[in-house]
Structures are given as C-alpha cells and as structure tokens.
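**Student:** Sharing input-v7.cif, mmCIF, C-alpha atoms:
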data_structure
loop_
_atom_site.group_PDB
_atom_site.id
_atom_site.type_symbol
_atom_site.label_atom_id
_atom_site.label_comp_id
_atom_site.auth_asym_id
_atom_site.auth_seq_id
_atom_site.Cartn_x
_atom_site.Cartn_y
_atom_site.Cartn_z
ATOM 1 C CA ARG A 1 126.364 76.991 78.525
ATOM 2 C CA PRO A 2 123.053 78.663 79.489
ATOM 3 C CA ARG A 3 122.818 79.672 83.152
ATOM 4 C CA GLU A 4 119.609 80.253 85.066
ATOM 5 C CA VAL A 5 119.067 83.941 85.873
ATOM 6 C CA ALA A 6 115.449 83.676 87.038
ATOM 7 C CA ASP A 7 112.779 81.034 87.399
ATOM 8 C CA ASN A 8 112.545 79.203 84.062
ATOM 9 C CA LEU A 9 114.710 81.871 82.403
ATOM 10 C CA PHE A 10 118.242 81.148 81.200
ATOM 11 C CA ALA A 11 120.852 83.366 79.547
ATOM 12 C CA MET A 12 124.143 82.865 77.787
ATOM 13 C CA GLU A 13 126.687 85.034 76.025
ATOM 14 C CA VAL A 14 127.574 83.862 72.544
ATOM 15 C CA ASP A 15 131.219 84.244 71.539
ATOM 16 C CA PRO A 16 131.416 84.744 67.741
ATOM 17 C CA GLU A 17 135.202 84.382 67.783
ATOM 18 C CA GLU A 18 135.017 80.949 69.413
ATOM 19 C CA ALA A 19 132.374 79.734 66.963
ATOM 20 C CA LEU A 20 134.334 81.103 63.997
ATOM 21 C CA LYS A 21 137.474 79.399 65.289
ATOM 22 C CA GLU A 22 135.668 76.055 65.405
ATOM 23 C CA LEU A 23 134.338 76.561 61.886
ATOM 24 C CA ARG A 24 137.662 77.731 60.500
ATOM 25 C CA GLU A 25 139.640 74.891 62.095
ATOM 26 C CA SER A 26 137.189 72.305 60.801
ATOM 27 C CA LEU A 27 137.288 73.747 57.297
ATOM 28 C CA LYS A 28 141.082 74.038 57.419
ATOM 29 C CA MET A 29 141.218 70.287 58.062
ATOM 30 C CA LEU A 30 139.278 69.980 54.815
ATOM 31 C CA ASP A 31 141.618 72.383 53.014
ATOM 32 C CA ALA A 32 142.567 70.146 50.148
ATOM 33 C CA LYS A 33 145.134 72.591 48.767
ATOM 34 C CA ALA A 34 147.102 72.603 52.011
ATOM 35 C CA LEU A 35 146.853 68.823 52.211
ATOM 36 C CA LEU A 36 148.124 68.234 48.680
ATOM 37 C CA ASP A 37 150.864 70.816 49.146
ATOM 38 C CA SER A 38 151.967 69.021 52.337
ATOM 39 C CA LEU A 39 152.262 65.797 50.326
ATOM 40 C CA GLY A 40 154.736 67.494 47.990
ATOM 41 C CA LEU A 41 152.538 67.615 44.918
ATOM 42 C CA PRO A 42 153.351 70.317 42.374
ATOM 43 C CA GLY A 43 151.591 73.641 42.798
ATOM 44 C CA GLY A 44 149.909 73.218 39.440
ATOM 45 C CA THR A 45 147.975 70.256 40.787
ATOM 46 C CA THR A 46 146.004 72.327 43.293
ATOM 47 C CA ALA A 47 145.438 75.086 40.743
ATOM 48 C CA ALA A 48 144.156 72.576 38.184
ATOM 49 C CA LEU A 49 141.664 71.238 40.716
ATOM 50 C CA GLY A 50 140.410 74.764 41.452
ATOM 51 C CA LEU A 51 141.524 74.667 45.081
ATOM 52 C CA THR A 52 143.446 77.939 45.321
ATOM 53 C CA GLU A 53 140.351 80.150 45.504
ATOM 54 C CA LEU A 54 138.722 77.789 48.016
ATOM 55 C CA SER A 55 141.794 77.874 50.244
ATOM 56 C CA GLU A 56 141.898 81.702 50.163
ATOM 57 C CA LEU A 57 138.255 81.866 51.190
ATOM 58 C CA LEU A 58 139.006 79.659 54.184
ATOM 59 C CA GLU A 59 141.560 82.230 55.323
ATOM 60 C CA SER A 60 139.228 85.230 55.031
ATOM 61 C CA PRO A 61 135.544 84.318 55.461
ATOM 62 C CA PRO A 62 133.054 87.070 54.561
ATOM 63 C CA PRO A 63 131.380 89.298 57.187
ATOM 64 C CA GLY A 64 128.567 87.690 59.122
ATOM 65 C CA VAL A 65 129.918 84.142 59.009
ATOM 66 C CA ASP A 66 131.133 84.358 62.619
ATOM 67 C CA GLU A 67 127.732 85.522 63.907
ATOM 68 C CA ILE A 68 125.815 82.866 61.974
ATOM 69 C CA ALA A 69 128.235 80.180 63.177
ATOM 70 C CA SER A 70 127.790 81.346 66.773
ATOM 71 C CA ILE A 71 123.988 81.456 66.521
ATOM 72 C CA ALA A 72 123.935 77.998 64.956
ATOM 73 C CA LYS A 73 126.179 76.697 67.732
ATOM 74 C CA ALA A 74 124.027 78.324 70.421
ATOM 75 C CA ILE A 75 120.962 76.599 69.004
ATOM 76 C CA THR A 76 122.549 73.199 69.603
ATOM 77 C CA GLU A 77 123.476 74.211 73.162
ATOM 78 C CA THR A 78 119.903 75.302 73.921
ATOM 79 C CA GLU A 79 118.205 72.183 72.619
ATOM 80 C CA GLY A 80 115.157 71.359 74.710
ATOM 81 C CA PHE A 81 114.253 74.963 75.546
ATOM 82 C CA ASP A 82 110.756 76.156 74.666
ATOM 83 C CA MET A 83 112.003 79.376 73.086
ATOM 84 C CA VAL A 84 115.398 80.910 72.295
ATOM 85 C CA ILE A 85 115.734 84.681 71.872
ATOM 86 C CA PHE A 86 118.727 86.315 70.164
ATOM 87 C CA ASP A 87 119.569 90.000 70.460
ATOM 88 C CA THR A 88 120.857 90.751 66.973
ATOM 89 C CA ALA A 89 122.944 93.602 65.598
ATOM 90 C CA PRO A 90 121.541 96.864 64.132
ATOM 91 C CA THR A 91 119.528 96.836 60.915
ATOM 92 C CA GLY A 92 122.234 96.932 58.232
ATOM 93 C CA HIS A 93 124.343 94.232 59.840
ATOM 94 C CA THR A 94 121.294 92.046 60.508
ATOM 95 C CA LEU A 95 120.213 92.208 56.860
ATOM 96 C CA ARG A 96 123.663 91.079 55.733
ATOM 97 C CA LEU A 97 123.567 88.381 58.388
ATOM 98 C CA LEU A 98 120.380 86.880 56.960
ATOM 99 C CA GLU A 99 122.106 86.203 53.647
ATOM 100 C CA VAL A 100 124.945 84.246 55.230
ATOM 101 C CA PRO A 101 123.286 80.831 55.897
ATOM 102 C CA THR A 102 122.691 80.173 52.179
ATOM 103 C CA PHE A 103 126.199 81.318 51.280
ATOM 104 C CA LEU A 104 127.779 79.259 54.069
ATOM 105 C CA ILE A 105 125.864 76.090 53.177
ATOM 106 C CA ASN A 106 126.846 76.436 49.512
ATOM 107 C CA PHE A 107 130.461 77.030 50.501
ATOM 108 C CA ILE A 108 130.529 73.972 52.798
ATOM 109 C CA ASP A 109 128.908 71.844 50.086
ATOM 110 C CA ARG A 110 131.607 72.964 47.689
ATOM 111 C CA ALA A 111 134.314 72.080 50.193
ATOM 112 C CA LEU A 112 132.740 68.652 50.743
ATOM 113 C CA SER A 113 132.563 68.005 46.999
ATOM 114 C CA VAL A 114 136.248 68.860 46.730
ATOM 115 C CA ARG A 115 136.937 66.350 49.508
ATOM 116 C CA LYS A 116 135.469 63.592 47.281
ATOM 117 C CA SER A 117 137.640 64.661 44.363
ATOM 118 C CA ILE A 118 140.737 64.678 46.542
ATOM 119 C CA GLY A 119 139.973 61.164 47.770
ATOM 120 C CA GLY A 120 140.082 60.003 44.165
ATOM 121 C CA VAL A 121 143.343 61.866 43.496
ATOM 122 C CA LEU A 122 144.995 60.354 46.555
ATOM 123 C CA GLY A 123 143.811 56.918 45.526
ATOM 124 C CA MET A 124 145.259 57.265 42.029
ATOM 125 C CA LEU A 125 148.575 58.428 43.459
ATOM 126 C CA GLY A 126 148.616 55.755 46.139
ATOM 127 C CA LEU A 127 148.978 58.379 48.868
ATOM 128 C CA GLY A 128 145.746 57.976 50.811
ATOM 129 C CA LEU A 129 146.500 55.080 53.111
ATOM 130 C CA ALA A 130 150.254 55.649 53.203
ATOM 131 C CA SER A 131 149.972 59.214 54.463
ATOM 132 C CA GLY A 132 146.836 58.780 56.578
ATOM 133 C CA ALA A 133 145.291 61.557 54.504
ATOM 134 C CA ASP A 134 142.020 59.700 54.006
ATOM 135 C CA ASP A 135 141.511 59.380 57.767
ATOM 136 C CA LYS A 136 142.209 63.082 58.253
ATOM 137 C CA LEU A 137 139.746 64.015 55.551
ATOM 138 C CA ASP A 138 137.094 61.676 56.987
ATOM 139 C CA GLU A 139 137.469 63.286 60.414
ATOM 140 C CA ALA A 140 137.271 66.764 58.909
ATOM 141 C CA GLU A 141 134.235 65.863 56.837
ATOM 142 C CA LYS A 142 132.386 64.614 59.917
ATOM 143 C CA LYS A 143 133.004 67.894 61.785
ATOM 144 C CA VAL A 144 132.122 70.065 58.814
ATOM 145 C CA ARG A 145 128.896 68.147 58.157
ATOM 146 C CA SER A 146 127.921 68.711 61.796
ATOM 147 C CA ILE A 147 128.373 72.471 61.362
ATOM 148 C CA ARG A 148 126.481 72.366 58.069
ATOM 149 C CA ASP A 149 123.556 70.658 59.776
ATOM 150 C CA ARG A 150 123.441 73.435 62.401
ATOM 151 C CA VAL A 151 123.459 76.190 59.784
ATOM 152 C CA ALA A 152 120.859 74.379 57.659
ATOM 153 C CA PHE A 153 118.619 74.030 60.726
ATOM 154 C CA LEU A 154 118.948 77.770 61.335
ATOM 155 C CA GLY A 155 118.234 78.551 57.693
ATOM 156 C CA ARG A 156 115.042 76.471 57.773
ATOM 157 C CA ALA A 157 113.937 78.062 61.041
ATOM 158 C CA LEU A 158 114.366 81.588 59.655
ATOM 159 C CA LYS A 159 112.021 80.783 56.752
ATOM 160 C CA THR A 160 109.413 78.951 58.882
ATOM 161 C CA PRO A 161 106.920 81.141 60.774
ATOM 162 C CA PRO A 162 105.544 79.870 64.089
ATOM 163 C CA SER A 163 102.120 78.292 64.003
ATOM 164 C CA PRO A 164 99.303 79.876 66.041
ATOM 165 C CA LYS A 165 100.256 77.592 68.907
ATOM 166 C CA GLY A 166 103.963 78.312 68.500
ATOM 167 C CA VAL A 167 104.825 74.778 67.367
ATOM 168 C CA VAL A 168 105.702 73.443 63.919
ATOM 169 C CA ALA A 169 106.171 69.925 62.675
ATOM 170 C CA ASN A 170 109.971 69.874 62.665
ATOM 171 C CA GLY A 171 110.401 72.093 65.707
ATOM 172 C CA ALA A 172 112.247 74.766 63.697
ATOM 173 C CA SER A 173 110.506 78.128 63.428
ATOM 174 C CA ALA A 174 111.454 81.752 63.959
ATOM 175 C CA GLU A 175 110.172 85.286 63.870
ATOM 176 C CA PHE A 176 111.792 88.706 64.095
ATOM 177 C CA VAL A 177 110.602 91.275 66.593
ATOM 178 C CA VAL A 178 111.802 94.692 65.426
ATOM 179 C CA VAL A 179 112.681 97.140 68.204
ATOM 180 C CA THR A 180 113.007 100.832 67.412
ATOM 181 C CA ARG A 181 112.767 104.333 68.879
ATOM 182 C CA PRO A 182 110.424 107.198 67.915
ATOM 183 C CA THR A 183 112.975 109.169 65.881
ATOM 184 C CA GLU A 184 112.910 109.797 62.142
ATOM 185 C CA LEU A 185 116.127 107.856 61.489
ATOM 186 C CA ASP A 186 115.242 104.874 63.689
ATOM 187 C CA ALA A 187 111.730 104.670 62.242
ATOM 188 C CA ALA A 188 113.127 104.659 58.683
ATOM 189 C CA GLU A 189 115.558 101.875 59.604
ATOM 190 C CA ALA A 190 112.763 99.849 61.180
ATOM 191 C CA GLU A 191 110.597 100.270 58.091
ATOM 192 C CA ARG A 192 113.456 99.110 55.873
ATOM 193 C CA LEU A 193 114.077 96.077 58.076
ATOM 194 C CA VAL A 194 110.412 95.039 58.081
ATOM 195 C CA HIS A 195 110.296 95.398 54.272
ATOM 196 C CA GLU A 196 113.456 93.321 53.770
ATOM 197 C CA LEU A 197 112.315 90.622 56.190
ATOM 198 C CA LYS A 198 109.074 90.241 54.244
ATOM 199 C CA ALA A 199 110.986 90.169 50.949
ATOM 200 C CA GLN A 200 113.151 87.326 52.268
ATOM 201 C CA GLY A 201 110.175 85.374 53.541
ATOM 202 C CA ILE A 202 111.001 85.858 57.219
ATOM 203 C CA CYS A 203 108.171 86.227 59.718
ATOM 204 C CA CYS A 204 107.781 89.616 61.428
ATOM 205 C CA ARG A 205 104.543 90.103 63.354
ATOM 206 C CA ARG A 206 105.536 92.629 66.026
ATOM 207 C CA LEU A 207 107.250 96.004 66.284
ATOM 208 C CA VAL A 208 108.268 97.455 69.647
ATOM 209 C CA VAL A 209 108.865 101.199 70.100
ATOM 210 C CA ASN A 210 111.142 102.073 73.024
ATOM 211 C CA GLN A 211 111.849 105.342 74.852
ATOM 212 C CA ILE A 212 108.510 107.013 74.197
ATOM 213 C CA ILE A 213 108.139 110.229 76.184
ATOM 214 C CA ASP A 214 104.749 110.280 77.863
ATOM 215 C CA GLU A 215 102.779 113.511 77.608
ATOM 216 C CA ALA A 216 102.315 113.415 81.368
ATOM 217 C CA SER A 217 106.065 113.305 82.022
ATOM 218 C CA GLY A 218 106.814 115.992 84.555
ATOM 219 C CA GLU A 219 109.743 117.542 86.359
ATOM 220 C CA ALA A 220 110.564 114.340 88.272
ATOM 221 C CA TYR A 221 111.003 112.412 85.007
ATOM 222 C CA TRP A 222 113.339 114.955 83.448
ATOM 223 C CA LYS A 223 115.319 115.275 86.674
ATOM 224 C CA ALA A 224 115.834 111.511 86.749
ATOM 225 C CA ARG A 225 116.969 111.544 83.097
ATOM 226 C CA VAL A 226 119.471 114.332 83.735
ATOM 227 C CA GLU A 227 120.844 112.577 86.830
ATOM 228 C CA SER A 228 121.195 109.293 84.953
ATOM 229 C CA GLN A 229 123.034 110.947 82.082
ATOM 230 C CA GLY A 230 125.155 112.913 84.533
ATOM 231 C CA LYS A 231 126.550 109.721 86.091
ATOM 232 C CA ILE A 232 127.467 108.317 82.684
ATOM 233 C CA LEU A 233 129.000 111.604 81.540
ATOM 234 C CA LYS A 234 131.122 111.708 84.677
ATOM 235 C CA ASP A 235 132.570 108.292 83.849
ATOM 236 C CA LEU A 236 133.153 109.264 80.214
ATOM 237 C CA ARG A 237 134.937 112.466 81.230
ATOM 238 C CA SER A 238 137.202 110.528 83.558
ATOM 239 C CA THR A 239 137.969 107.970 80.856
ATOM 240 C CA CYS A 240 138.784 110.632 78.274
ATOM 241 C CA GLU A 241 140.913 112.566 80.724
ATOM 242 C CA ALA A 242 142.897 109.456 81.666
ATOM 243 C CA ARG A 243 143.484 108.579 78.016
ATOM 244 C CA LYS A 244 144.014 112.183 76.928
ATOM 245 C CA LEU A 245 141.108 112.009 74.480
ATOM 246 C CA PRO A 246 139.117 115.130 73.592
ATOM 247 C CA LEU A 247 135.456 114.875 74.555
ATOM 248 C CA TYR A 248 132.818 116.880 72.682
ATOM 249 C CA GLU A 249 129.410 117.184 74.340
ATOM 250 C CA VAL A 250 126.309 118.031 72.334
ATOM 251 C CA SER A 251 122.964 118.759 73.949
ATOM 252 C CA ASP A 252 119.873 116.900 72.772
ATOM 253 C CA ARG A 253 117.605 118.790 70.387
ATOM 254 C CA PRO A 254 113.856 118.263 69.993
ATOM 255 C CA GLU A 255 113.939 118.755 66.222
ATOM 256 C CA ASN A 256 115.316 116.352 63.596
ATOM 257 C CA LEU A 257 118.640 117.660 62.324
ATOM 258 C CA VAL A 258 118.563 116.772 58.630
ATOM 259 C CA GLY A 259 120.436 118.391 55.752
ATOM 260 C CA PRO A 260 123.671 120.418 55.465
ATOM 261 C CA PRO A 261 122.451 123.513 57.407
ATOM 262 C CA ALA A 262 121.272 121.360 60.289
ATOM 263 C CA LEU A 263 124.548 119.407 60.295
ATOM 264 C CA GLY A 264 126.458 122.695 60.292
ATOM 265 C CA TYR A 265 124.444 123.765 63.309
ATOM 266 C CA LEU A 266 125.185 120.458 65.029
ATOM 267 C CA ALA A 267 128.896 120.899 64.302
ATOM 268 C CA SER A 268 128.805 124.353 65.879
ATOM 269 C CA LEU A 269 127.321 122.840 69.036
ATOM 270 C CA ALA A 270 130.061 120.221 69.170
ATOM 271 C CA PHE A 271 133.126 122.208 68.071
ATOM 272 C CA GLY A 272 132.098 125.841 68.435
ATOM 273 C CA ASP A 273 131.596 128.472 65.780
ATOM 274 C CA GLY A 274 135.291 128.505 64.841
#
Go ahead and express the file in the form of structure tokens.

**Tutor:**
Amino acid sequence: RPREVADNLFAMEVDPEEALKELRESLKMLDAKALLDSLGLPGGTTAALGLTELSELLESPPPGVDEIASIAKAITETEGFDMVIFDTAPTGHTLRLLEVPTFLINFIDRALSVRKSIGGVLGMLGLGLASGADDKLDEAEKKVRSIRDRVAFLGRALKTPPSPKGVVANGASAEFVVVTRPTELDAAEAERLVHELKAQGICCRRLVVNQIIDEASGEAYWKARVESQGKILKDLRSTCEARKLPLYEVSDRPENLVGPPALGYLASLAFGDG
C-alpha cells in the first residue's frame, strides 16, 4: 500500500512478481484444459476445443505482462489520488510494454469465451454440478474479469491525454514524460520513444534532460563528482574482490565513441593493448 513520505506525497514499490502471480493463478483457475483433464476426459477433447495452445500460454506469458499487471493493480490501490506517477523501464522495454494491454485484454477475452464453451460441454456430459466445476469456473471468471477491468482502464488512460485542467470525463488520462541525458545515444533513444508514443496515440508533452554540465562548473564541481564516484568505486572493488570477479575500469571520455575504431580504443582502455 502507498505510504506517506512527505506532506501530500505517497510512494509505493510495485512487485511485478506478485501481480503476475495473481494473474497467473486466476487464469489457471480458468484453464479449461486442466479442468477437463482432471475430470478424466480424453486428451483429444481438449485438443478439439483448441485449449492446448491456450493452456501453454498460461504457463509462459509473454514479456511485459507482469509489469502491466502490476501497474494495473497499483492503479486500483491508488484510487482517490490526484495523480499517480510510474517510473518505467528504459526505452525498448517501455515500447514493448505499451503493446501488452491490448494483447492481454484479447487473451483474457479468449479465455472467458472458452469458459462459456466449457460450461456447455460440462452440461452435456452432466459433469458441471456433480463435480462442482461450474462453481470453480464462476469464481475464476469473476477474478479474471476484475483483472481485465484494471487492464482495460489502464489501456484507456494511456490513449487519453489530460485536459488543460488535468481532468477528463471518466477520470482516466495519462501522459509520458521522457527523461534523457545529453549524450548521442540517449538523445537518439529519446527521439525514438517520442516518435513511437505519438504513433501509438499516447500523449507526450514534456522532455526532461538530466545531468547537463553547466559552463560555469568549476573545480569544486569536478572534485565533488570524483569524490562521489570514488565512494561507489570503493564499494564495487570490495564486492568484486569478495566474489573473485574481475573489475575493469574505464575512464570517461568527452567524445562519442562510435564505430569499430572507437570501440577498439575503448577495449584497449578496459583490457589493455594486449
């Protein structure tokens, strides 16, 4: 649950594994193949109903499902807050993440449609009431629909830009604030992210550039940077020594190291000329 860290400011750590576990367990309850197999029906029955592929997907959900499930769950736990801010993963992972809500909703809808088909099969075989299977499926359907509603809410919010006053009719709106650094690679990644967000219809009105070196930065600034890095390097050296891991230290360079010659030069700094 969110905890107050300052006046009118709350924070919480989202656990993707916990959210994925909830999603997986709920979907497993809806796993019609496992249910029919447990009732002793022939294996061909589940294959004929097209349940084998669905069951395999339940076992190994695609990348990004855990993060989307955790974000959707966090939204329900922060209901009533004026604004919720998520610190997302780097560019490539975030772009894949944005495609997950649609996939997940379609997958859940497919699982729910299978649940209806299975209810009919159980009824024809006279197994529903006798085995309690209908009750189990009803319970699973209720949980899965709750998760679907969360993901659908998130999907709508991602495609709804905030109004000038920051409020929309259904209370679901979102925007991305891209944060980058003034390096060639980071700037290219930021540009790609902004382009993809626009292509997907997701609002992006701000870009923040971190770690800008001021022209007036003097000796005190650089001394503080060296001291800060020195403390971290000391810890890293101790960790590597304790775990018998080799540590290669490469000094920062003002130029952009791009291309094979530059990479060769970088390798010589890290590993030596040999």

**Student:** Can you tell me which residues surround Ala157 in chain A at a distance of at most 10 Å, considering all atoms listed in the file, apart from same-chain residues fewer than 3 positions away, and format the answer as number ranges by chain?

**Tutor:** A: 151-154, 160-162, 168, 170-175, 202

**Student:** By how many Å are CA of Glu18 in chain A and CA of Ala74 in chain A apart?

**Tutor:**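 Spanning CA of Glu18 in chain A to CA of Ala74 in chain A is a straight-line distance of 11.3 Å.
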
**Student:** Given all atoms listed in the file as the basis, pick out the residue of A:Thr88, A:Gln200, A:Thr183, A:Ser228 nearest to Glu255 in chain A.

**Tutor:**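 Smallest distance to Glu255 in chain A is found for A:Thr183.
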
**Student:** Give me, please, the distance in Å between CA of Gly230 in chain A and CA of Leu263 in chain A, quoted to one decimal.

**Tutor:**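 Interatomic distance, CA of Gly230 in chain A to CA of Leu263 in chain A: 25.1 Å.
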
**Student:** Of the candidates A:Arg110, A:Ala140, A:Thr102, A:Ala89, which one gets nearest to Leu23 in chain A if we count all atoms listed in the file?

**Tutor:** A:Ala140

**Student:** Name the closest residue to Arg148 in chain A among the candidates A:Asp109, A:Glu77, A:Glu4, A:Glu196; distances are taken between atoms, counting only C-alpha atoms.

**Tutor:**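 Residue with the minimum atom-to-atom distance to Arg148 in chain A: A:Asp109.
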
**Student:** Applying 9 Å and only C-alpha atoms, which residues near Ile147 in chain A remain after dropping the ones on its own chain fewer than 4 positions away? List them as a PyMOL selection string.

**Tutor:** chain A and resi 23+26+69+72-73+108+142-143+151-152
